[in-house]
>>> print(open('entry.txt').read())   # compact mmCIF, C-alpha atoms
# COMPACT_ATOMS: atom_id res chain seq x y z
CA MET V 1 0.00 0.00 0.00
CA LYS V 2 2.87 2.35 0.85
CA LYS V 3 4.52 1.62 -2.51
CA LEU V 4 1.27 2.37 -4.33
CA TYR V 5 1.01 5.68 -2.47
CA PHE V 6 4.57 6.72 -3.40
CA ASN V 7 4.02 5.67 -7.03
CA TYR V 8 0.91 7.85 -7.10
CA ILE V 9 2.81 10.85 -5.65
CA GLU V 10 5.71 10.30 -8.09
CA SER V 11 3.38 10.65 -11.05
CA PHE V 12 2.86 14.34 -10.13
CA LYS V 13 6.57 15.25 -9.83
CA ASP V 14 8.44 17.69 -12.12
CA LEU V 15 5.30 19.37 -13.49
CA SER V 16 5.56 23.16 -13.85
CA LYS V 17 3.63 25.51 -11.58
CA GLU V 18 1.81 26.90 -14.65
CA ILE V 19 0.46 23.42 -15.43
CA TRP V 20 -0.74 23.15 -11.82
CA PHE V 21 -2.45 26.55 -12.10
CA LEU V 22 -4.05 25.63 -15.43
CA SER V 23 -5.33 22.45 -13.80
CA LEU V 24 -6.74 24.39 -10.83
CA ILE V 25 -8.56 26.75 -13.19
CA SER V 26 -9.94 23.80 -15.17
CA LEU V 27 -11.11 22.18 -11.93
CA VAL V 28 -13.06 25.31 -10.94
CA ASN V 29 -14.50 25.73 -14.42
CA ARG V 30 -15.54 22.10 -14.87
CA ALA V 31 -17.00 21.80 -11.37
CA GLY V 32 -19.42 24.48 -12.50
CA THR V 33 -20.23 22.76 -15.79
CA MET V 34 -23.48 21.25 -14.60
CA VAL V 35 -25.86 21.73 -17.52
CA ILE V 36 -23.97 19.85 -20.27
CA PRO V 37 -24.26 16.26 -18.90
CA PHE V 38 -28.01 16.77 -18.39
CA LEU V 39 -28.72 18.84 -21.50
CA SER V 40 -30.61 16.07 -23.33
CA LEU V 41 -32.76 15.40 -20.23
CA TYR V 42 -33.32 19.16 -19.70
CA LEU V 43 -34.54 19.54 -23.28
CA LYS V 44 -36.84 16.53 -23.02
CA LYS V 45 -38.23 16.72 -19.48
CA ASP V 46 -38.19 20.45 -18.74
CA LEU V 47 -38.85 21.93 -22.18
CA GLY V 48 -40.79 19.00 -23.70
CA TYR V 49 -38.80 18.39 -26.90
CA ASN V 50 -38.81 14.98 -28.61
CA GLU V 51 -35.72 12.98 -29.61
CA ASN V 52 -35.67 14.41 -33.14
CA ASP V 53 -35.72 18.02 -31.93
CA ILE V 54 -33.11 17.26 -29.25
CA SER V 55 -30.82 15.73 -31.87
CA TRP V 56 -30.94 18.94 -33.96
CA ILE V 57 -30.29 21.16 -30.94
CA LEU V 58 -27.33 18.98 -29.92
CA ALA V 59 -26.13 19.09 -33.53
CA CYS V 60 -25.97 22.89 -33.17
CA PHE V 61 -23.84 22.24 -30.07
CA GLY V 62 -21.42 20.38 -32.34
CA ILE V 63 -21.52 22.95 -35.18
CA GLY V 64 -20.68 25.69 -32.68
CA SER V 65 -17.86 23.52 -31.38
CA VAL V 66 -16.40 23.14 -34.90
CA ILE V 67 -16.58 26.89 -35.53
CA GLY V 68 -15.06 27.66 -32.14
CA SER V 69 -12.24 25.14 -32.55
CA TRP V 70 -11.27 26.50 -35.97
CA LEU V 71 -11.52 30.12 -34.87
CA GLY V 72 -9.64 29.45 -31.62
CA GLY V 73 -6.77 27.81 -33.52
CA LYS V 74 -6.42 30.73 -35.94
CA LEU V 75 -6.59 33.35 -33.18
CA THR V 76 -4.12 31.39 -31.04
CA ASP V 77 -1.56 31.32 -33.87
CA ILE V 78 -1.92 35.08 -34.39
CA PHE V 79 -2.42 36.54 -30.90
CA GLY V 80 -1.25 33.75 -28.58
CA PHE V 81 -3.13 31.35 -26.33
CA TYR V 82 -3.32 33.71 -23.34
CA LYS V 83 -5.62 36.36 -24.81
CA VAL V 84 -7.83 33.74 -26.48
CA MET V 85 -8.32 31.88 -23.18
CA VAL V 86 -9.19 35.04 -21.22
CA LEU V 87 -11.73 36.40 -23.72
CA SER V 88 -13.27 32.98 -24.44
CA LEU V 89 -13.96 32.00 -20.82
CA PHE V 90 -15.33 35.41 -19.83
CA ALA V 91 -17.74 35.56 -22.79
CA THR V 92 -18.75 31.91 -22.27
CA GLY V 93 -19.82 32.73 -18.71
CA LEU V 94 -22.15 35.45 -19.96
CA CYS V 95 -23.58 33.15 -22.63
CA PHE V 96 -24.42 30.37 -20.14
CA ILE V 97 -26.28 32.82 -17.93
CA ALA V 98 -28.30 34.04 -20.95
CA LEU V 99 -29.20 30.51 -22.17
CA GLN V 100 -31.64 29.87 -19.31
CA TYR V 101 -33.97 32.53 -20.71
CA ILE V 102 -34.29 30.83 -24.11
CA SER V 103 -36.91 28.12 -24.63
CA SER V 104 -37.92 28.24 -28.33
CA PHE V 105 -36.48 25.64 -30.70
CA TRP V 106 -34.71 28.09 -33.04
CA GLY V 107 -33.64 30.27 -30.13
CA LEU V 108 -31.98 27.29 -28.46
CA CYS V 109 -30.31 26.21 -31.72
CA ILE V 110 -28.83 29.68 -32.28
CA GLY V 111 -28.04 30.29 -28.59
CA ILE V 112 -26.22 26.98 -28.15
CA LEU V 113 -24.37 27.43 -31.46
CA ILE V 114 -23.10 30.88 -30.40
CA THR V 115 -22.23 29.69 -26.88
CA MET V 116 -20.20 26.74 -28.15
CA SER V 117 -18.51 28.85 -30.86
CA ILE V 118 -17.15 31.05 -28.07
CA ALA V 119 -16.58 28.29 -25.50
CA ASP V 120 -14.63 25.93 -27.76
CA SER V 121 -12.26 28.61 -29.04
CA PHE V 122 -10.73 27.93 -25.59
CA ARG V 123 -9.74 24.35 -26.46
CA PRO V 124 -6.91 24.87 -29.02
CA ALA V 125 -5.57 27.65 -26.79
CA ILE V 126 -5.28 25.49 -23.66
CA PHE V 127 -3.65 22.66 -25.64
CA VAL V 128 -1.00 25.10 -26.92
CA ALA V 129 -0.61 26.37 -23.33
CA ILE V 130 0.28 22.80 -22.27
CA LYS V 131 3.06 22.72 -24.87
CA ALA V 132 4.30 26.15 -23.78
CA TYR V 133 4.38 25.35 -20.05
CA SER V 134 5.58 21.72 -20.04
CA LYS V 135 8.76 19.82 -20.91
CA PRO V 136 8.61 17.16 -23.66
CA GLU V 137 9.43 14.35 -21.21
CA SER V 138 6.54 15.29 -18.89
CA ARG V 139 4.00 16.33 -21.54
CA THR V 140 1.82 13.21 -21.29
CA ARG V 141 1.58 13.61 -17.52
CA SER V 142 0.87 17.34 -17.94
CA ILE V 143 -2.05 16.42 -20.19
CA GLY V 144 -3.03 13.78 -17.62
CA LEU V 145 -3.00 16.29 -14.74
CA LEU V 146 -5.17 18.70 -16.73
CA ARG V 147 -7.59 15.87 -17.54
CA LEU V 148 -7.53 14.80 -13.89
CA ALA V 149 -8.61 18.31 -12.86
CA ILE V 150 -11.25 18.47 -15.59
CA ASN V 151 -12.65 15.07 -14.67
CA ALA V 152 -12.56 15.77 -10.93
CA GLY V 153 -14.51 18.95 -11.66
CA MET V 154 -16.94 17.06 -13.86
CA GLY V 155 -17.34 14.49 -11.10
CA ILE V 156 -18.29 17.20 -8.64
CA GLY V 157 -20.50 18.97 -11.21
CA PRO V 158 -22.92 16.21 -12.31
CA THR V 159 -23.17 14.82 -8.76
CA LEU V 160 -24.16 18.22 -7.35
CA ALA V 161 -26.28 18.91 -10.43
CA GLY V 162 -28.31 15.75 -9.88
CA ILE V 163 -29.11 16.89 -6.33
CA ILE V 164 -29.83 20.49 -7.40
CA ILE V 165 -32.16 19.40 -10.23
CA VAL V 166 -34.18 17.20 -7.87
CA VAL V 167 -34.45 20.01 -5.26
CA LYS V 168 -34.41 23.28 -7.25
CA GLY V 169 -34.78 22.44 -10.96
CA TYR V 170 -32.54 23.25 -13.93
CA SER V 171 -32.52 27.08 -14.05
CA ILE V 172 -29.98 27.67 -11.28
CA LEU V 173 -27.47 25.44 -13.09
CA PHE V 174 -27.08 28.04 -15.86
CA TRP V 175 -26.12 30.67 -13.27
CA ILE V 176 -23.55 28.31 -11.71
CA ASP V 177 -22.09 27.48 -15.14
CA GLY V 178 -21.74 31.14 -16.05
CA ILE V 179 -20.32 32.35 -12.75
CA THR V 180 -17.72 29.57 -12.53
CA CYS V 181 -16.45 30.41 -16.04
CA ILE V 182 -15.87 34.00 -14.91
CA VAL V 183 -14.28 32.93 -11.60
CA ALA V 184 -11.97 30.52 -13.46
CA ILE V 185 -10.69 33.21 -15.82
CA VAL V 186 -10.10 35.66 -12.96
CA LEU V 187 -7.96 32.98 -11.27
CA PHE V 188 -6.12 32.36 -14.54
CA TYR V 189 -5.38 36.08 -15.04
CA PHE V 190 -3.84 36.44 -11.58
CA LEU V 191 -2.06 33.09 -11.30
CA VAL V 192 -0.62 32.50 -14.79
CA LYS V 193 1.56 35.07 -16.56
CA GLU V 194 1.42 35.67 -20.29
CA PRO V 195 4.56 34.65 -22.23
CA LEU V 196 6.90 37.57 -22.91
CA LYS V 197 6.86 37.33 -26.72
CA LYS V 198 5.23 40.45 -28.15
CA PRO V 199 2.18 40.12 -30.43
CA THR V 200 4.01 42.01 -33.21
CA GLU V 201 6.77 39.37 -33.17
CA LYS V 202 4.13 36.66 -33.21
CA LEU V 203 2.39 38.24 -36.20
CA GLU V 204 5.67 38.56 -38.15
CA GLU V 205 6.53 34.89 -37.52
CA TYR V 206 3.01 33.83 -38.48
CA ARG V 207 3.22 35.62 -41.86
CA ASN V 208 6.40 33.73 -42.79
CA LEU V 209 5.06 30.23 -42.03
CA ASP V 210 3.49 27.70 -44.39
CA LYS V 211 0.08 27.87 -42.74
CA ASN V 212 -1.33 25.07 -44.93
CA SER V 213 1.23 22.43 -43.90
CA VAL V 214 -1.25 20.91 -41.46
CA TYR V 215 -3.61 20.13 -44.36
CA LYS V 216 -0.84 18.34 -46.31
CA ASP V 217 0.02 15.94 -43.49
CA PHE V 218 -1.68 12.66 -44.51
CA SER V 219 -0.78 10.77 -41.31
CA PHE V 220 -2.31 13.61 -39.34
CA TRP V 221 -5.51 13.29 -41.39
CA ILE V 222 -5.70 9.57 -40.55
CA HIS V 223 -5.27 10.49 -36.89
CA SER V 224 -8.04 13.10 -37.20
CA VAL V 225 -10.46 10.51 -38.61
CA ILE V 226 -9.60 8.16 -35.70
CA CYS V 227 -10.36 11.00 -33.26
CA PHE V 228 -13.66 11.64 -35.04
CA LEU V 229 -14.68 7.97 -34.77
CA PHE V 230 -13.56 7.85 -31.14
CA GLY V 231 -15.68 10.94 -30.44
CA MET V 232 -18.69 9.43 -32.25
CA GLY V 233 -18.63 6.58 -29.75
CA PHE V 234 -17.53 8.45 -26.65
CA PHE V 235 -20.07 11.30 -26.90
CA GLN V 236 -22.90 8.83 -26.39
CA LEU V 237 -22.03 9.62 -22.77
CA ILE V 238 -23.80 13.01 -22.99
CA SER V 239 -26.56 12.17 -25.48
CA ALA V 240 -27.88 8.60 -25.69
CA LEU V 241 -26.57 7.08 -22.44
CA PRO V 242 -28.38 9.42 -19.97
CA LEU V 243 -31.65 8.79 -21.85
CA TYR V 244 -30.98 5.03 -21.86
CA TYR V 245 -30.34 5.01 -18.10
CA ASN V 246 -33.55 6.95 -17.50
CA GLU V 247 -35.94 5.24 -19.94
CA ILE V 248 -34.81 1.61 -19.82
CA PHE V 249 -33.45 1.30 -16.27
CA LYS V 250 -35.63 4.07 -14.72
CA LEU V 251 -32.71 5.89 -13.08
CA ASN V 252 -33.39 9.48 -11.99
CA GLU V 253 -30.95 12.39 -12.41
CA PHE V 254 -29.27 11.75 -9.06
CA LYS V 255 -28.61 8.07 -9.83
CA ILE V 256 -27.38 8.97 -13.33
CA GLY V 257 -25.01 11.49 -11.74
CA MET V 258 -23.72 8.78 -9.38
CA LEU V 259 -23.11 6.39 -12.30
CA MET V 260 -21.18 9.12 -14.11
CA LEU V 261 -19.22 9.63 -10.91
CA VAL V 262 -17.77 6.12 -11.40
CA ASN V 263 -16.17 7.41 -14.61
CA ILE V 264 -14.62 10.33 -12.73
CA LEU V 265 -13.41 8.30 -9.72
CA VAL V 266 -11.63 5.73 -11.90
CA ILE V 267 -9.87 8.55 -13.77
CA VAL V 268 -8.90 10.45 -10.59
CA ILE V 269 -7.50 7.31 -8.91
CA PHE V 270 -5.86 5.50 -11.83
CA GLU V 271 -5.07 7.83 -14.76
CA MET V 272 -1.96 9.65 -13.47
CA PRO V 273 -0.22 6.50 -12.12
CA LEU V 274 -1.12 4.68 -15.34
CA LEU V 275 0.31 7.47 -17.53
CA ASN V 276 3.41 7.70 -15.31
CA TYR V 277 3.95 3.94 -15.71
CA LEU V 278 3.37 3.98 -19.49
CA GLU V 279 5.52 7.09 -20.04
CA LYS V 280 8.59 5.10 -18.91
CA ARG V 281 7.95 2.39 -21.51
CA ALA V 282 9.19 2.67 -25.09
CA ILE V 283 5.76 1.98 -26.56
CA PRO V 284 4.60 3.92 -29.65
CA VAL V 285 1.77 6.38 -29.03
CA THR V 286 -0.23 4.81 -31.86
CA LYS V 287 -0.43 1.49 -29.96
CA PHE V 288 -2.19 3.23 -27.08
CA ILE V 289 -4.59 4.89 -29.52
CA LEU V 290 -5.37 1.46 -31.00
CA MET V 291 -6.02 0.00 -27.54
CA SER V 292 -8.37 2.87 -26.67
CA CYS V 293 -10.47 2.00 -29.75
CA VAL V 294 -10.55 -1.68 -28.70
CA LEU V 295 -11.91 -0.72 -25.27
CA LEU V 296 -14.44 1.69 -26.81
CA CYS V 297 -15.75 -1.10 -29.04
CA LEU V 298 -16.05 -3.52 -26.10
CA SER V 299 -17.88 -0.97 -23.93
CA TYR V 300 -20.81 -0.93 -26.39
CA ILE V 301 -20.76 -4.62 -27.24
CA VAL V 302 -21.36 -5.49 -23.56
CA LEU V 303 -24.10 -2.84 -23.41
CA TYR V 304 -26.05 -4.69 -26.11
CA GLN V 305 -27.88 -6.77 -23.47
CA ASN V 306 -30.33 -4.85 -21.29
CA PHE V 307 -31.68 -7.27 -18.68
CA TRP V 308 -29.07 -6.70 -15.91
CA ILE V 309 -28.35 -3.27 -14.45
CA GLY V 310 -24.79 -4.29 -13.52
CA ILE V 311 -23.84 -4.17 -17.20
CA LEU V 312 -24.11 -0.38 -17.00
CA LEU V 313 -21.20 -0.35 -14.55
CA ILE V 314 -19.08 -2.74 -16.64
CA SER V 315 -19.69 -0.66 -19.77
CA MET V 316 -18.84 2.57 -17.92
CA ILE V 317 -15.53 1.15 -16.65
CA LEU V 318 -14.52 -0.05 -20.13
CA LEU V 319 -15.47 3.34 -21.60
CA THR V 320 -13.46 5.08 -18.87
CA PHE V 321 -10.26 3.11 -19.56
CA SER V 322 -10.76 3.81 -23.25
CA GLU V 323 -10.96 7.51 -22.41
CA MET V 324 -7.86 7.32 -20.17
CA LEU V 325 -5.77 6.07 -23.09
CA GLY V 326 -7.58 7.80 -25.94
CA PHE V 327 -7.54 11.46 -24.96
CA PRO V 328 -3.98 11.83 -23.54
CA TYR V 329 -2.30 9.89 -26.34
CA THR V 330 -4.23 11.36 -29.27
CA ASN V 331 -3.36 14.74 -27.73
CA LYS V 332 0.30 13.80 -27.34
CA PHE V 333 0.44 12.65 -30.97
CA VAL V 334 -0.73 16.10 -32.13
CA LEU V 335 1.56 18.08 -29.79
CA SER V 336 4.59 16.10 -30.95
CA ARG V 337 3.65 16.55 -34.62
CA ALA V 338 2.64 20.24 -34.50
CA LYS V 339 5.09 22.58 -36.21
CA GLU V 340 6.47 25.56 -34.31
CA GLY V 341 4.38 28.69 -34.76
CA ILE V 342 1.24 26.99 -36.06
CA GLU V 343 0.49 24.76 -33.08
CA GLY V 344 -2.92 26.42 -32.88
CA SER V 345 -3.85 25.16 -36.37
CA TYR V 346 -2.84 21.61 -35.44
CA MET V 347 -4.73 21.74 -32.16
CA ALA V 348 -7.72 23.29 -33.95
CA MET V 349 -7.83 20.32 -36.34
CA TYR V 350 -7.59 17.98 -33.38
CA ALA V 351 -10.40 19.77 -31.53
CA MET V 352 -12.51 19.96 -34.71
CA SER V 353 -12.38 16.17 -35.08
CA PHE V 354 -14.20 15.85 -31.78
CA SER V 355 -16.42 18.85 -32.54
CA LEU V 356 -17.62 17.19 -35.76
CA ALA V 357 -18.38 14.10 -33.69
CA HIS V 358 -20.46 16.37 -31.43
CA ILE V 359 -22.57 17.27 -34.49
CA PHE V 360 -23.10 13.80 -35.91
CA SER V 361 -23.02 11.60 -32.80
CA PRO V 362 -26.23 12.87 -31.15
CA LYS V 363 -28.07 13.31 -34.44
CA ILE V 364 -27.28 9.82 -35.73
CA SER V 365 -27.62 8.02 -32.38
CA LEU V 366 -30.91 9.65 -31.38
CA SER V 367 -32.33 9.07 -34.88
CA ILE V 368 -31.36 5.38 -34.66
CA ILE V 369 -32.93 5.16 -31.19
CA TYR V 370 -36.11 6.90 -32.40
CA ASN V 371 -36.51 4.52 -35.38
CA TYR V 372 -34.85 1.25 -34.30
CA GLY V 373 -34.23 1.33 -30.55
CA TYR V 374 -31.25 1.50 -28.24
CA GLN V 375 -29.74 -1.91 -28.97
CA VAL V 376 -29.15 -1.13 -32.66
CA ASN V 377 -27.49 2.12 -31.61
CA TRP V 378 -25.04 0.24 -29.38
CA LEU V 379 -24.03 -2.00 -32.31
CA VAL V 380 -23.44 1.07 -34.48
CA SER V 381 -21.41 2.65 -31.66
CA ALA V 382 -19.27 -0.50 -31.40
CA GLY V 383 -18.75 -0.16 -35.16
CA TYR V 384 -17.12 3.26 -34.66
CA GLY V 385 -14.60 1.58 -32.36
CA LEU V 386 -13.97 -1.19 -34.90
CA LEU V 387 -13.23 1.32 -37.68
CA GLY V 388 -10.96 3.17 -35.24
CA ILE V 389 -9.02 -0.07 -34.62
CA ILE V 390 -8.44 -0.58 -38.36
CA LEU V 391 -7.28 3.01 -38.93
CA SER V 392 -5.09 2.97 -35.80
CA TYR V 393 -3.29 -0.11 -37.10
CA TRP V 394 -2.77 1.65 -40.45
CA LEU V 395 -1.42 4.75 -38.68
CA PHE V 396 0.91 2.58 -36.56
CA ASN V 397 2.43 1.05 -39.71
CA ARG V 398 2.75 4.45 -41.43
CA MET V 399 4.58 5.92 -38.42
CA LYS V 400 7.02 2.97 -38.46
CA LYS V 401 7.79 3.65 -42.13
CA GLU V 402 8.22 7.39 -41.46
CA LYS V 403 10.85 6.65 -38.81
CA LEU V 404 12.72 4.34 -41.17
>>> encode(input="entry.txt", output="structure tokens")
Amino acid sequence: MKKLYFNYIESFKDLSKEIWFLSLISLVNRAGTMVIPFLSLYLKKDLGYNENDISWILACFGIGSVIGSWLGGKLTDIFGFYKVMVLSLFATGLCFIALQYISSFWGLCIGILITMSIADSFRPAIFVAIKAYSKPESRTRSIGLLRLAINAGMGIGPTLAGIIIVVKGYSILFWIDGITCIVAIVLFYFLVKEPLKKPTEKLEEYRNLDKNSVYKDFSFWIHSVICFLFGMGFFQLISALPLYYNEIFKLNEFKIGMLMLVNILVIVIFEMPLLNYLEKRAIPVTKFILMSCVLLCLSYIVLYQNFWIGILLISMILLTFSEMLGFPYTNKFVLSRAKEGIEGSYMAMYAMSFSLAHIFSPKISLSIIYNYGYQVNWLVSAGYGLLGIILSYWLFNRMKKEKL
């Protein structure tokens, strides 16, 4: 037990103070992100929309995410990650507060699209911040610590949200989401200093770069498709799975929040030691990406049966280990491949892969559920993982040839 404790502590060593501050800010921000995990239930139970309408509203969530990811990458390359992060989080806070006053279908589509366009411009910026504030040898663990903070916050958020919804309803969650975004950016401004490079220098460097090199990188395109497929399966967690828990197994919001807490607890306890252990092994990043797709596929295959509630826990654990390998190592692949000066464009492409999945995953999955039922949807979701396995193997072989 003592050895396990020291191994856990060791996994946090040699990380910069800026990475710790970024993680603290992400913890505060994500702890306040209470609406997103329950958005599909909010739209159905509180506002009375059917699955088809919900799928279109959630598709706007994804479209906004694509726009925000692209815009955030461009702005990060030109002005630097610091300014993009500050403006994005502050404006996102105001948008979340405003969303509670919108109830019409088109109003929600436009409101969520605008909110996510602003909110997800933050994502390429924070990924570039990780590269700026971490050493190459500790980059995977830096990503892991940030994810640990995000997931710890998201563990606190849905758990509290489930209680708040039962007692007070959904409206107060929008206030909490908005205020925590603003608190997080105030903390960031005071705790983390902007890099000394002047914007004029940044602009001059940006003009002299081949800004289209990211679009000519075929291996990177394969990786982007893998990320898209991974997102198509993983984002069932915020669209189809909460509805499945509620409709088939009759779990209320509190119990759903507790089941999601399993995902967070496994990540908080195991992810950093796991990444620390794997970082010391000379294993190609693409092998971990392949394994994450295998676990994603299995998580939906076991979910195909629906007569035992315990299968929900097994599926959640498999999905969580898939996430623990998938997100850090797909991120590391991009950071190691991104060319100096246009990191934002690379991280934007990475973020856009998942943003596109945000568009298509809810629309396709909820349409399948509406027409054919949940079990067919789980087979399709397992198919995303299977395609990811095939492409990951192809990418692994391409990277071996590139090294030779």
>>> atom_distance(input="entry.txt", atom1="CA of Gly257 (chain V)", atom2="CA of Ala125 (chain V)")
29.4 Å
>>> residues_around(input="entry.txt", residues="region 302-313 of chain V", least_positions_apart="5", cutoff="10 Å", atoms="all atoms listed in the file", output="ChimeraX atom specification")
/V:241,244-245,248-249,259-260,262-263,297,318-319,374-379,382
>>> closest_residue(input="entry.txt", among="V:Leu295, V:Ile164, V:Ala357, V:Ile182", to="Glu253 (chain V)", atoms="all atoms listed in the file")
V:Ile164
>>> atom_distance(input="entry.txt", atom1="CA of Thr76 (chain V)", atom2="CA of Ser134 (chain V)")
17.6 Å
>>> residues_near_point(input="entry.txt", point="(-5.6, 25.9, -11.6)", cutoff="10 Å", atoms="only C-alpha atoms", output="list of chain:residue names")
V:Lys17, V:Glu18, V:Ile19, V:Trp20, V:Phe21, V:Leu22, V:Ser23, V:Leu24, V:Ile25, V:Ser26, V:Leu27, V:Val28, V:Asn29, V:Leu146, V:Ala149, V:Ala184, V:Ile185, V:Leu187, V:Phe188, V:Leu191, V:Val192
>>> closest_residue(input="entry.txt", among="V:Gly385, V:Pro136, V:Pro124, V:Gly344", to="Ser65 (chain V)", atoms="all atoms listed in the file")
V:Pro124
>>> atom_distance(input="entry.txt", atom1="CA of Tyr372 (chain V)", atom2="CA of Asn52 (chain V)")
13.2 Å
>>> closest_residue(input="entry.txt", among="V:Ile342, V:Met85, V:Met352, V:Ile54", to="Val214 (chain V)", atoms="only C-alpha atoms")
V:Ile342
>>> closest_residue(input="entry.txt", among="V:Thr92, V:Asn50, V:Ser104, V:Ser361", to="Leu237 (chain V)", atoms="only C-alpha atoms")
V:Ser361
>>> residues_around(input="entry.txt", residues="region 267-275 of chain V", least_positions_apart="6", cutoff="9 Å", atoms="only C-alpha atoms", output="list in words")
Leu4, Asn7, Tyr8, Ile9, Glu10, Ser11, Phe12, Thr140, Arg141, Gly144, Leu145, Arg147, Leu148, Ala149, Asn151, Ala152, Thr320, Phe321, Glu323, Met324, Leu325 and Pro328 of chain V
>>> closest_residue(input="entry.txt", among="V:Tyr370, V:Phe90, V:Trp106, V:Tyr101", to="Ile57 (chain V)", atoms="only C-alpha atoms")
V:Trp106
>>> closest_residue(input="entry.txt", among="V:Ile364, V:Leu15, V:Ile256, V:Leu387", to="Asn276 (chain V)", atoms="all atoms listed in the file")
V:Leu15
>>> build_atoms(input="entry.txt", residues="region 15-27 of chain V", atoms="N, CA, C and O atoms", output="PDB file, in the coordinates of the input")
ATOM      1  N   LEU V  15       6.247  18.626 -12.660  1.00  0.00           N
ATOM      2  CA  LEU V  15       5.300  19.370 -13.490  1.00  0.00           C
ATOM      3  C   LEU V  15       5.399  20.850 -13.115  1.00  0.00           C
ATOM      4  O   LEU V  15       5.501  21.197 -11.945  1.00  0.00           O
ATOM      5  N   SER V  16       5.355  21.728 -14.103  1.00  0.00           N
ATOM      6  CA  SER V  16       5.560  23.160 -13.850  1.00  0.00           C
ATOM      7  C   SER V  16       4.397  23.755 -13.062  1.00  0.00           C
ATOM      8  O   SER V  16       3.274  23.237 -13.091  1.00  0.00           O
ATOM      9  N   LYS V  17       4.672  24.859 -12.384  1.00  0.00           N
ATOM     10  CA  LYS V  17       3.630  25.510 -11.580  1.00  0.00           C
ATOM     11  C   LYS V  17       2.502  26.034 -12.481  1.00  0.00           C
ATOM     12  O   LYS V  17       1.331  26.062 -12.078  1.00  0.00           O
ATOM     13  N   GLU V  18       2.848  26.428 -13.726  1.00  0.00           N
ATOM     14  CA  GLU V  18       1.810  26.900 -14.650  1.00  0.00           C
ATOM     15  C   GLU V  18       0.829  25.785 -15.007  1.00  0.00           C
ATOM     16  O   GLU V  18      -0.374  26.028 -15.127  1.00  0.00           O
ATOM     17  N   ILE V  19       1.347  24.561 -15.159  1.00  0.00           N
ATOM     18  CA  ILE V  19       0.460  23.420 -15.430  1.00  0.00           C
ATOM     19  C   ILE V  19      -0.455  23.169 -14.234  1.00  0.00           C
ATOM     20  O   ILE V  19      -1.649  22.889 -14.396  1.00  0.00           O
ATOM     21  N   TRP V  20       0.078  23.302 -13.027  1.00  0.00           N
ATOM     22  CA  TRP V  20      -0.740  23.150 -11.820  1.00  0.00           C
ATOM     23  C   TRP V  20      -1.826  24.225 -11.766  1.00  0.00           C
ATOM     24  O   TRP V  20      -2.978  23.945 -11.425  1.00  0.00           O
ATOM     25  N   PHE V  21      -1.463  25.468 -12.114  1.00  0.00           N
ATOM     26  CA  PHE V  21      -2.450  26.550 -12.100  1.00  0.00           C
ATOM     27  C   PHE V  21      -3.517  26.350 -13.179  1.00  0.00           C
ATOM     28  O   PHE V  21      -4.702  26.579 -12.940  1.00  0.00           O
ATOM     29  N   LEU V  22      -3.084  25.927 -14.369  1.00  0.00           N
ATOM     30  CA  LEU V  22      -4.050  25.630 -15.430  1.00  0.00           C
ATOM     31  C   LEU V  22      -5.021  24.537 -14.994  1.00  0.00           C
ATOM     32  O   LEU V  22      -6.218  24.587 -15.286  1.00  0.00           O
ATOM     33  N   SER V  23      -4.492  23.557 -14.281  1.00  0.00           N
ATOM     34  CA  SER V  23      -5.330  22.450 -13.800  1.00  0.00           C
ATOM     35  C   SER V  23      -6.314  22.934 -12.729  1.00  0.00           C
ATOM     36  O   SER V  23      -7.477  22.522 -12.723  1.00  0.00           O
ATOM     37  N   LEU V  24      -5.852  23.821 -11.847  1.00  0.00           N
ATOM     38  CA  LEU V  24      -6.740  24.390 -10.830  1.00  0.00           C
ATOM     39  C   LEU V  24      -7.884  25.166 -11.477  1.00  0.00           C
ATOM     40  O   LEU V  24      -9.053  25.025 -11.086  1.00  0.00           O
ATOM     41  N   ILE V  25      -7.552  25.968 -12.472  1.00  0.00           N
ATOM     42  CA  ILE V  25      -8.560  26.750 -13.190  1.00  0.00           C
ATOM     43  C   ILE V  25      -9.569  25.833 -13.870  1.00  0.00           C
ATOM     44  O   ILE V  25     -10.779  26.060 -13.834  1.00  0.00           O
ATOM     45  N   SER V  26      -9.063  24.766 -14.494  1.00  0.00           N
ATOM     46  CA  SER V  26      -9.940  23.800 -15.170  1.00  0.00           C
ATOM     47  C   SER V  26     -10.837  23.085 -14.171  1.00  0.00           C
ATOM     48  O   SER V  26     -12.002  22.800 -14.475  1.00  0.00           O
ATOM     49  N   LEU V  27     -10.302  22.803 -12.976  1.00  0.00           N
ATOM     50  CA  LEU V  27     -11.110  22.180 -11.930  1.00  0.00           C
ATOM     51  C   LEU V  27     -12.281  23.074 -11.541  1.00  0.00           C
ATOM     52  O   LEU V  27     -13.438  22.626 -11.479  1.00  0.00           O
TER      53      LEU V  27
END
